[in-house]
Amino acid sequence: MTYANLLRSTALAGLTIFAVAHAAPSEARGSTSQLVAEMTLSPLEAEFARLTKNAKGTVGVTVVHLETGRRASLNPTVHFPMASTYKVAIAGAILDQVDGGKLTLDQMISIPPTMVIDSDGISKDFPHPGVSLSVINLIETMLVVSDNTATDMLMQLAGGPAAVTAWINKVGVTDMRVDRDTARLSKDFTGIDVQWTKKNFEALLLSNPELAKLEDAPNPRFDNDPRDTSTPDAMVHLLTKIHRGEALSVGSTKLLLEVMGRCVTGQNRLIAMLPPGVALAHKTGTIGGSVNDVGIMTLPNGGGHVAIAVYIKASSDPVSSREKLIAQIARTAIDYMQLAVATMPHGSKNIR
């Protein structure tokens, strides 16, 4: 039996049970529906386990169809280094201040040379002093190309890591914390306390060639650090709150998801194997043994939305292998969700 046929048969069997459950007396529907949803998605979780069986590291996945509540997961409550996926929360905290009138999107922010960090974006596009960008342009470059300079400027503008964590908690999300800007995080990861400019990094590589190997290798001290971590469940919870307009205003929600939809990093991760017609708004994260991608996939033909978080930590697999695994998980999830929604009894999709 092909994998596609396996998905079809297990989904149809599970959805038949789902239809029967909805014919039960109203007082029993809540617990029965929950049980049936778990039974229906068990093949998907089994497939996650199969895909990750030989992964050298720890893999965490949470995937939820936002309109029906169908979910599947793997290590959903394990904490993972967020790396740059925490930039979603930073953007949210900034936009919350925009909604509250404390900031404006067109407000110009001057970037001192001491805040410039080597990464795609500002440090490469504007190598000379005298740079000022609007709040919206800082958000754009932070989320689209994962610019660390923009990130640290926005973190500072938000009031620091504690203020970002406070916003996360305010919208009802727990098991996620932001503790450091990217400059401090890089220093703690490498154990080298320098300003992470391109010039400084190149000088460090010349004096310590082993430093380059740290970029893609497990780092037990870092991997087990509780700071700047999230569970897959927590990240999907945040994405769900954002998508449903429960975290930000209508305008800020639309803006954030549109910017995430323009993300150009991680082309071999969530987006790599998605079928035609599926749109993705996402944010990647990479450091040491961690390769991550989180976002919201929009199904075609009114099929709804799927929030997904895939985290990998302490992995000694090549980065390319980690990225391929993320792509396989995303494709598996989307195939199952599309089939499950398409074969649900008429009137039970609850698509909004």
# chains A, B, ... in the order shown; residues from 1 in each chain; ligands from 1
>>> residues_around(residues="Glu45 of chain A", least_positions_apart="2", cutoff="12 Å", atoms="only C-alpha atoms", output="ChimeraX atom specification")
/A:7,38-43,47-52,60-63,70-76,329,332-333,336
>>> select_by_dssp(residues="segment 77-308 of chain A", states="helix (DSSP H, G or I)", output="ChimeraX atom specification")
/A:83-99,113-115,122-125,135-144,148-158,161-170,182-190,198-207,211-214,220-223,232-243,250-260
>>> write_last_selection(atoms="C-alpha atoms", output="tab-separated table (two decimals), in the first residue's frame")
chain	number	residue	atom	x	y	z
A	83	ALA	CA	16.78	30.66	17.79
A	84	SER	CA	15.30	33.16	15.33
A	85	THR	CA	11.75	31.82	15.62
A	86	TYR	CA	11.49	34.06	18.68
A	87	LYS	CA	11.38	36.99	16.28
A	88	VAL	CA	7.66	36.29	15.81
A	89	ALA	CA	7.15	37.18	19.48
A	90	ILE	CA	9.34	40.29	19.20
A	91	ALA	CA	7.28	41.49	16.23
A	92	GLY	CA	4.11	40.80	18.20
A	93	ALA	CA	5.31	42.80	21.19
A	94	ILE	CA	6.22	45.75	18.95
A	95	LEU	CA	2.89	45.67	17.09
A	96	ASP	CA	1.06	45.53	20.41
A	97	GLN	CA	2.73	48.84	21.28
A	98	VAL	CA	1.70	50.20	17.88
A	99	ASP	CA	-1.87	49.14	18.64
A	113	PRO	CA	27.25	51.23	14.83
A	114	THR	CA	27.57	49.44	18.20
A	115	MET	CA	24.22	47.71	17.55
A	122	ILE	CA	21.41	45.95	7.56
A	123	SER	CA	25.06	44.99	8.12
A	124	LYS	CA	25.43	43.94	4.48
A	125	ASP	CA	23.18	46.52	2.82
A	135	VAL	CA	9.64	50.51	12.67
A	136	ILE	CA	7.85	48.75	9.83
A	137	ASN	CA	11.07	48.38	7.85
A	138	LEU	CA	12.81	46.93	10.89
A	139	ILE	CA	9.99	44.39	11.26
A	140	GLU	CA	10.21	43.60	7.54
A	141	THR	CA	13.95	42.93	7.51
A	142	MET	CA	13.81	41.04	10.82
A	143	LEU	CA	11.18	38.58	9.60
A	144	VAL	CA	11.92	38.38	5.87
A	148	ASN	CA	19.80	40.31	13.73
A	149	THR	CA	20.55	44.03	13.85
A	150	ALA	CA	16.88	44.83	13.26
A	151	THR	CA	15.95	42.22	15.84
A	152	ASP	CA	18.06	43.75	18.58
A	153	MET	CA	16.86	47.26	17.77
A	154	LEU	CA	13.24	46.08	18.01
A	155	MET	CA	13.96	44.11	21.18
A	156	GLN	CA	15.33	47.29	22.75
A	157	LEU	CA	12.39	49.32	21.45
A	158	ALA	CA	9.94	46.81	22.92
A	161	PRO	CA	13.44	40.57	26.65
A	162	ALA	CA	11.32	40.76	29.82
A	163	ALA	CA	8.81	42.99	28.03
A	164	VAL	CA	8.55	40.54	25.11
A	165	THR	CA	7.96	37.65	27.51
A	166	ALA	CA	5.35	39.75	29.33
A	167	TRP	CA	3.48	40.24	26.04
A	168	ILE	CA	3.63	36.49	25.34
A	169	ASN	CA	2.11	35.81	28.75
A	170	LYS	CA	-0.46	38.59	28.31
A	182	THR	CA	20.76	38.06	19.50
A	183	ALA	CA	24.09	39.69	20.39
A	184	ARG	CA	23.99	38.28	23.93
A	185	LEU	CA	22.71	34.94	22.69
A	186	SER	CA	25.62	34.63	20.24
A	187	LYS	CA	28.11	35.48	22.94
A	188	ASP	CA	26.64	32.88	25.28
A	189	PHE	CA	26.50	30.25	22.55
A	190	THR	CA	30.16	30.61	21.59
A	198	LYS	CA	31.69	40.60	10.23
A	199	LYS	CA	35.20	41.97	10.82
A	200	ASN	CA	35.38	40.57	14.35
A	201	PHE	CA	34.00	37.19	13.32
A	202	GLU	CA	36.50	36.83	10.48
A	203	ALA	CA	39.34	37.70	12.87
A	204	LEU	CA	38.08	35.10	15.36
A	205	LEU	CA	37.92	32.44	12.65
A	206	LEU	CA	41.52	33.12	11.72
A	207	SER	CA	42.67	32.76	15.32
A	211	LEU	CA	34.83	28.21	15.91
A	212	ALA	CA	33.28	27.61	12.48
A	213	LYS	CA	32.36	24.06	13.51
A	214	LEU	CA	30.20	25.40	16.35
A	220	PRO	CA	24.97	20.60	25.29
A	221	ARG	CA	25.41	23.67	27.47
A	222	PHE	CA	23.28	25.72	25.09
A	223	ASP	CA	20.80	22.96	24.20
A	232	PRO	CA	6.16	23.20	20.04
A	233	ASP	CA	2.74	23.46	21.70
A	234	ALA	CA	3.50	26.96	22.99
A	235	MET	CA	4.64	28.26	19.61
A	236	VAL	CA	1.56	26.86	17.88
A	237	HIS	CA	-0.56	28.41	20.64
A	238	LEU	CA	1.02	31.81	19.90
A	239	LEU	CA	0.55	31.40	16.14
A	240	THR	CA	-3.07	30.42	16.74
A	241	LYS	CA	-3.69	33.48	18.91
A	242	ILE	CA	-2.14	35.70	16.25
A	243	HIS	CA	-4.07	34.16	13.36
A	250	VAL	CA	-7.02	43.36	12.83
A	251	GLY	CA	-4.56	45.63	11.03
A	252	SER	CA	-1.51	44.42	12.95
A	253	THR	CA	-2.54	40.78	12.54
A	254	LYS	CA	-2.84	41.22	8.78
A	255	LEU	CA	0.50	43.04	8.59
A	256	LEU	CA	2.37	40.42	10.64
A	257	LEU	CA	1.06	37.47	8.64
A	258	GLU	CA	1.76	39.23	5.34
A	259	VAL	CA	5.36	39.96	6.34
A	260	MET	CA	5.84	36.36	7.48
>>> residues_around(residues="Ala279 of chain A", least_positions_apart="2", cutoff="12 Å", atoms="only C-alpha atoms", output="NGL selection string")
:A and (257-258 or 260-263 or 270-277 or 281-282 or 295-301 or 303-307 or 334)
>>> write_last_selection(atoms="C-alpha atoms", output="PDB file, in the first residue's frame")
ATOM      1  CA  LEU A 257       1.064  37.473   8.639  1.00  0.00           C
ATOM      2  CA  GLU A 258       1.758  39.229   5.341  1.00  0.00           C
ATOM      3  CA  MET A 260       5.841  36.358   7.480  1.00  0.00           C
ATOM      4  CA  GLY A 261       4.470  35.310   4.107  1.00  0.00           C
ATOM      5  CA  ARG A 262       7.417  37.076   2.464  1.00  0.00           C
ATOM      6  CA  CYS A 263      10.050  35.160   4.478  1.00  0.00           C
ATOM      7  CA  LEU A 270       8.513  23.824   5.686  1.00  0.00           C
ATOM      8  CA  ILE A 271       7.938  25.251   2.226  1.00  0.00           C
ATOM      9  CA  ALA A 272      10.151  22.854   0.251  1.00  0.00           C
ATOM     10  CA  MET A 273       7.674  20.019  -0.359  1.00  0.00           C
ATOM     11  CA  LEU A 274       4.322  21.769   0.004  1.00  0.00           C
ATOM     12  CA  PRO A 275       1.862  20.992  -2.809  1.00  0.00           C
ATOM     13  CA  PRO A 276       0.780  23.713  -5.240  1.00  0.00           C
ATOM     14  CA  GLY A 277      -1.813  26.062  -3.844  1.00  0.00           C
ATOM     15  CA  ALA A 281       3.626  32.447   6.443  1.00  0.00           C
ATOM     16  CA  HIS A 282       6.591  31.381   8.582  1.00  0.00           C
ATOM     17  CA  GLY A 295       4.300  29.102  10.661  1.00  0.00           C
ATOM     18  CA  ILE A 296       0.787  28.923   9.285  1.00  0.00           C
ATOM     19  CA  MET A 297      -0.089  27.037   6.122  1.00  0.00           C
ATOM     20  CA  THR A 298      -3.211  28.090   4.202  1.00  0.00           C
ATOM     21  CA  LEU A 299      -4.961  25.255   2.385  1.00  0.00           C
ATOM     22  CA  PRO A 300      -6.491  25.906  -1.039  1.00  0.00           C
ATOM     23  CA  ASN A 301     -10.202  25.840  -1.856  1.00  0.00           C
ATOM     24  CA  GLY A 303      -9.687  24.163   3.374  1.00  0.00           C
ATOM     25  CA  GLY A 304      -8.690  26.302   6.319  1.00  0.00           C
ATOM     26  CA  HIS A 305      -5.361  26.910   8.016  1.00  0.00           C
ATOM     27  CA  VAL A 306      -2.766  24.704   9.674  1.00  0.00           C
ATOM     28  CA  ALA A 307      -0.447  26.056  12.367  1.00  0.00           C
ATOM     29  CA  ILE A 334      -0.585  18.940   5.011  1.00  0.00           C
TER      30      ILE A 334
END
>>> select_by_dssp(residues="segment 231-318 of chain A", states="strand (DSSP E)", output="MDAnalysis selection string")
chainID A and resid 279:287 290:298 305:313
>>> closest_residue(among="A:Pro127, A:Asp228, A:Thr284, A:Ala247", to="Gly172 of chain A", atoms="only C-alpha atoms")
A:Ala247
>>> closest_residue(among="A:Ala314, A:Ile111, A:Val171, A:Ala330", to="Asn224 of chain A", atoms="only C-alpha atoms")
A:Ala314
>>> residues_around(residues="Asn292 of chain A", least_positions_apart="3", cutoff="9 Å", atoms="only C-alpha atoms", output="list in words")
Pro81, Met82, Ala83, Ser84, Thr85, Gly266, Arg269, Lys283, Thr284, Gly285, Thr286, Ala309, Val310, Tyr311, Ile312, Lys313, Arg322, Glu323 and Ile326 of chain A
>>> closest_residue(among="A:Pro112, A:Thr104, A:Gly69, A:Ala46", to="Ala340 of chain A", atoms="only C-alpha atoms")
A:Gly69
>>> closest_residue(among="A:Ile308, A:Ala217, A:Met337, A:Met108", to="Val291 of chain A", atoms="only C-alpha atoms")
A:Ala217
>>> atom_distance(atom1="atom CA of Asp118 of chain A", atom2="atom CA of Val131 of chain A")
14.9 Å
